[in-house]
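For reference, the structure is listed below as structure tokens.
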Amino acid sequence: MSPPRGGGCYIRPGYSDMAIGLARMIGIRFPLNFRSPYQARDISDFWRRWNITLSGFLRDYLYIPLGGNRHGEARRNANLMITMLLGGFWHGAAWSFLAWGGLHGIYLIVHQQWRRFGGRMGARLAQGITLLAVLVAWVPFRAESLRASWIMLRGLCGAGGVLLPDLIVKAVPALRLVATPVAVLPYLGAARTMSVVQGVALVGLAWGIILLAPDVHSLRVRGRNAALIAGFAFSVQALFFAPFARPFIYFQF
């Protein structure tokens, strides 16, 4: 089943945890499927952490049967690319999904060559580069078409101009050289009820949890209880800012 374009790739870790917990209540143990993938230190590590069951399927039923790494460097690179392209196609019959798979194929090949020639870098730098590469690849995964992907990537690079809230530009006047100050960012929609300070604080907290917090499955009982309370508090807070009720995402099929 292909995830909806509305962001299924980002929320599935939560759905997997829900499934694991519900199954455990009736005596069934599901395997762990996500393990803090954005904390990965390289792209191979990312695929060991993200959608673990899919990664195992691609390895066992595509990469290894194609020959894996048993027939030389060129054949291994070709096998990696074929596996990732088919992994993209598994998510949906669209060129944008193939582009996502192709990008990850390129990432894995570059990483293999980097390791082959003994390349090294700091752990945090490696994590940052890996995160950036993964987020860039999410653009075609999320976009409706390759043209939309190109527009989004140009926008991320500032090619379409940069808008920043007037509050930030006033605090840092030098930003006027590269950005246009506006009272309210037009693309925030109903989220404009949240102040810039609140938004920045929540985004910073979210990324701090994603990049620094230990995986919930590795926590002890006390830590899991604290995570549960924090998650409940964030859920209640989100209800106050939600402009309307959003149906369960997989009901969109």
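Identifiers in the structure tokens: chain A, B, ... in order shown; residue index from 1 per chain; ligand index from 1 in order shown.
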Original post:
Which of region 19-78 of chain A counts as alpha helix (DSSP H) under DSSP, as number ranges by chain please?
Top reply: A: 19-25, 43-49, 52-58, 64-66, 73-78
**OP:** May I have the residues within 8 Å of Asp215 (chain A) as a ChimeraX atom specification, using only C-alpha atoms and disregarding those fewer than 3 positions away in the same chain?
**Re:** /A:35-36,218-219
Selection from above, all heavy atoms, as a JSON list (two decimals), in the first residue's frame, can you write it?
```json
[["chain", "number", "residue", "atom", "x", "y", "z"],
["A", 35, "ARG", "N", 13.85, 3.06, 14.17],
["A", 35, "ARG", "CA", 14.73, 3.25, 15.33],
["A", 35, "ARG", "C", 15.51, 4.54, 15.17],
["A", 35, "ARG", "O", 16.66, 4.56, 14.80],
["A", 35, "ARG", "CB", 15.68, 2.04, 15.47],
["A", 35, "ARG", "CG", 16.52, 2.05, 16.73],
["A", 35, "ARG", "CD", 17.23, 0.71, 16.93],
["A", 35, "ARG", "NE", 18.03, 0.36, 15.77],
["A", 35, "ARG", "CZ", 19.28, 0.77, 15.57],
["A", 35, "ARG", "NH1", 19.86, 1.54, 16.46],
["A", 35, "ARG", "NH2", 19.94, 0.40, 14.49],
["A", 36, "SER", "N", 14.82, 5.65, 15.44],
["A", 36, "SER", "CA", 15.42, 6.99, 15.35],
["A", 36, "SER", "C", 16.24, 7.16, 14.07],
["A", 36, "SER", "O", 17.45, 7.39, 14.12],
["A", 36, "SER", "CB", 16.30, 7.27, 16.58],
["A", 36, "SER", "OG", 15.55, 7.19, 17.77],
["A", 218, "SER", "N", 14.40, 1.85, 23.65],
["A", 218, "SER", "CA", 15.60, 1.54, 24.43],
["A", 218, "SER", "C", 15.52, 2.11, 25.85],
["A", 218, "SER", "O", 16.43, 1.89, 26.65],
["A", 218, "SER", "CB", 16.85, 2.09, 23.73],
["A", 218, "SER", "OG", 16.81, 3.51, 23.67],
["A", 219, "LEU", "N", 14.44, 2.85, 26.16],
["A", 219, "LEU", "CA", 14.28, 3.45, 27.47],
["A", 219, "LEU", "C", 13.79, 2.41, 28.49],
["A", 219, "LEU", "O", 13.14, 1.44, 28.13],
["A", 219, "LEU", "CB", 13.29, 4.60, 27.41],
["A", 219, "LEU", "CG", 13.66, 5.81, 26.54],
["A", 219, "LEU", "CD1", 12.50, 6.79, 26.51],
["A", 219, "LEU", "CD2", 14.91, 6.48, 27.06]]
```
Subject >> Counting only C-alpha atoms, the residue of A:Val182, A:Ala133, A:Leu62, A:Ile82 that sits nearest His111 (chain A) >> reply: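 So, comparing all the options, the nearest one is A:Ala133.
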**OP:** Find the spatial neighbours of region 196-204 of chain A, counting only C-alpha atoms, within a cut-off of 9 Å - ignore same-chain residues fewer than 6 positions away - and output them as a PyMOL selection string.
**Re:** chain A and resi 165+167-168
Resulting file, chosen residues, all heavy atoms, as a tab-separated table (two decimals), in the first residue's frame:
```tsv
chain	number	residue	atom	x	y	z
A	165	PRO	N	9.41	36.50	8.65
A	165	PRO	CA	8.55	37.34	9.49
A	165	PRO	C	9.26	38.63	9.87
A	165	PRO	O	10.47	38.65	10.14
A	165	PRO	CB	8.28	36.45	10.71
A	165	PRO	CG	8.49	35.06	10.22
A	165	PRO	CD	9.59	35.15	9.20
A	167	LEU	N	9.22	40.26	12.49
A	167	LEU	CA	9.79	40.20	13.83
A	167	LEU	C	11.24	39.76	13.78
A	167	LEU	O	12.10	40.32	14.48
A	167	LEU	CB	8.96	39.24	14.68
A	167	LEU	CG	9.42	39.02	16.12
A	167	LEU	CD1	9.29	40.30	16.93
A	167	LEU	CD2	8.63	37.90	16.78
A	168	ILE	N	11.54	38.77	12.95
A	168	ILE	CA	12.91	38.25	12.86
A	168	ILE	C	13.81	39.25	12.15
A	168	ILE	O	14.96	39.49	12.57
A	168	ILE	CB	12.92	36.90	12.14
A	168	ILE	CG1	12.18	35.85	12.96
A	168	ILE	CG2	14.34	36.44	11.84
A	168	ILE	CD1	12.10	34.48	12.31
```
Test item: residues at most 8 Å from region 119-132 of chain A, only C-alpha atoms, excluding those fewer than 2 positions along its chain, as a PDB file with C-alpha atoms, in the first residue's frame:
```pdb
ATOM      1  CA  TYR A  38      17.315  10.751  11.632  1.00  0.00           C
ATOM      2  CA  GLN A  39      20.088  10.007  14.120  1.00  0.00           C
ATOM      3  CA  ALA A  40      21.845   7.874  11.503  1.00  0.00           C
ATOM      4  CA  ARG A  41      25.549   8.651  11.001  1.00  0.00           C
ATOM      5  CA  ASP A  42      25.567   7.530   7.347  1.00  0.00           C
ATOM      6  CA  ILE A  43      23.083   6.503   4.679  1.00  0.00           C
ATOM      7  CA  TRP A 114      33.799   6.743   0.358  1.00  0.00           C
ATOM      8  CA  ARG A 115      34.329   3.781   2.690  1.00  0.00           C
ATOM      9  CA  ARG A 116      36.293   1.891   0.051  1.00  0.00           C
ATOM     10  CA  PHE A 117      38.872   4.673  -0.200  1.00  0.00           C
ATOM     11  CA  VAL A 134      17.577  12.264   3.300  1.00  0.00           C
ATOM     12  CA  LEU A 135      15.507  15.454   3.520  1.00  0.00           C
ATOM     13  CA  VAL A 136      16.391  16.407  -0.067  1.00  0.00           C
TER      14      VAL A 136
END
```
Original post:
Of the residues A:Phe34, A:Trp95, A:Phe232, A:Trp50, which is the one nearest to Arg147 (chain A), using only C-alpha atoms?
Top reply: A:Trp95
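Relative to CA of Leu211 (chain A), CA of Ala179 (chain A) is found at 28.2 Å.
Interatomic distance, CA of Ser145 (chain A) against CA of Ala94 (chain A): 7.9 Å.
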Original post:
So what do you get for CA of Gly105 (chain A) versus CA of Trp150 (chain A), distance-wise?
Top reply: 19.1 Å
Original post:
Between A:Leu22, A:Arg75, A:Ala226, A:Ser16, which is the closest to Thr53 (chain A) once you count only C-alpha atoms?
Top reply: A:Ser16
Please provide the set of residues having any atom within 12 Å of region 97-99 of chain A, restricted to only C-alpha atoms, with same-chain residues fewer than 4 positions apart removed, written as a short mmCIF file (atom, residue, chain, number, x, y, z; two decimals) with N, CA and C atoms, in the first residue's frame.
```
data_model
loop_
_atom_site.label_atom_id
_atom_site.label_comp_id
_atom_site.auth_asym_id
_atom_site.auth_seq_id
_atom_site.Cartn_x
_atom_site.Cartn_y
_atom_site.Cartn_z
N SER A 2 0.65 2.14 -0.91
CA SER A 2 1.45 3.35 -1.01
C SER A 2 0.96 4.38 -0.01
N PRO A 3 1.87 5.10 0.67
CA PRO A 3 1.44 6.12 1.60
C PRO A 3 0.87 7.30 0.86
N ARG A 5 0.20 11.17 -0.29
CA ARG A 5 1.18 12.23 -0.46
C ARG A 5 1.23 13.20 0.70
N CYS A 9 5.24 9.13 4.99
CA CYS A 9 6.60 8.70 5.28
C CYS A 9 7.09 9.25 6.61
N MET A 81 21.61 0.17 -7.17
CA MET A 81 20.73 1.10 -7.87
C MET A 81 19.43 0.41 -8.27
N ILE A 82 19.51 -0.80 -8.80
CA ILE A 82 18.29 -1.53 -9.19
C ILE A 82 17.40 -1.76 -7.97
N THR A 83 18.00 -2.14 -6.85
CA THR A 83 17.23 -2.41 -5.64
C THR A 83 16.52 -1.16 -5.16
N MET A 84 17.20 -0.02 -5.16
CA MET A 84 16.59 1.20 -4.66
C MET A 84 15.54 1.74 -5.63
N LEU A 85 15.76 1.59 -6.93
CA LEU A 85 14.74 2.01 -7.89
C LEU A 85 13.47 1.19 -7.71
N LEU A 86 13.63 -0.11 -7.52
CA LEU A 86 12.46 -0.96 -7.29
C LEU A 86 11.82 -0.64 -5.94
N GLY A 87 12.65 -0.25 -4.95
CA GLY A 87 12.11 0.17 -3.67
C GLY A 87 11.27 1.43 -3.81
N GLY A 88 11.72 2.35 -4.67
CA GLY A 88 10.91 3.54 -4.94
C GLY A 88 9.62 3.18 -5.65
N PHE A 89 9.71 2.28 -6.61
CA PHE A 89 8.52 1.85 -7.36
C PHE A 89 7.53 1.15 -6.44
N TRP A 90 8.02 0.47 -5.39
CA TRP A 90 7.14 -0.19 -4.44
C TRP A 90 6.21 0.81 -3.76
N HIS A 91 6.68 2.04 -3.55
CA HIS A 91 5.86 3.05 -2.89
C HIS A 91 4.77 3.61 -3.80
N GLY A 92 4.93 3.50 -5.10
CA GLY A 92 3.92 4.03 -6.00
C GLY A 92 4.45 4.10 -7.43
N ALA A 93 3.54 3.97 -8.38
CA ALA A 93 3.92 4.00 -9.80
C ALA A 93 3.97 5.44 -10.28
N LEU A 103 17.80 8.53 -5.97
CA LEU A 103 18.66 9.35 -5.11
C LEU A 103 19.28 8.51 -4.00
N HIS A 104 18.47 7.65 -3.39
CA HIS A 104 19.03 6.80 -2.34
C HIS A 104 20.02 5.79 -2.90
N GLY A 105 19.78 5.34 -4.13
CA GLY A 105 20.76 4.48 -4.77
C GLY A 105 22.09 5.20 -4.96
N ILE A 106 22.03 6.45 -5.41
CA ILE A 106 23.25 7.25 -5.58
C ILE A 106 23.94 7.46 -4.23
N VAL A 136 16.47 16.06 1.35
CA VAL A 136 16.39 16.41 -0.07
C VAL A 136 15.66 15.32 -0.84
N ALA A 137 15.92 14.07 -0.51
CA ALA A 137 15.26 12.96 -1.21
C ALA A 137 13.77 12.92 -0.90
N TRP A 138 13.36 13.42 0.29
CA TRP A 138 11.93 13.43 0.60
C TRP A 138 11.15 14.37 -0.31
N VAL A 139 11.82 15.32 -0.95
CA VAL A 139 11.11 16.28 -1.80
C VAL A 139 10.39 15.58 -2.96
N PRO A 140 11.07 14.80 -3.80
CA PRO A 140 10.32 14.09 -4.84
C PRO A 140 9.34 13.07 -4.28
N PHE A 141 9.67 12.48 -3.13
CA PHE A 141 8.74 11.54 -2.52
C PHE A 141 7.42 12.23 -2.18
N ARG A 142 7.50 13.46 -1.71
CA ARG A 142 6.32 14.20 -1.28
C ARG A 142 5.62 14.92 -2.43
N ALA A 143 6.37 15.35 -3.43
CA ALA A 143 5.80 16.18 -4.49
C ALA A 143 4.91 15.38 -5.41
N GLU A 144 4.00 16.07 -6.08
CA GLU A 144 3.07 15.42 -6.99
C GLU A 144 3.71 15.02 -8.31
N SER A 145 4.81 15.66 -8.67
CA SER A 145 5.46 15.39 -9.96
C SER A 145 6.91 15.82 -9.88
N LEU A 146 7.68 15.46 -10.91
CA LEU A 146 9.08 15.89 -10.95
C LEU A 146 9.18 17.40 -11.11
N ARG A 147 8.26 17.99 -11.87
CA ARG A 147 8.26 19.45 -12.01
C ARG A 147 8.02 20.12 -10.66
N SER A 149 8.73 18.83 -7.82
CA SER A 149 9.95 18.60 -7.05
C SER A 149 10.99 19.68 -7.34
N TRP A 150 11.15 19.98 -8.62
CA TRP A 150 12.13 20.99 -9.02
C TRP A 150 11.76 22.35 -8.44
#
```
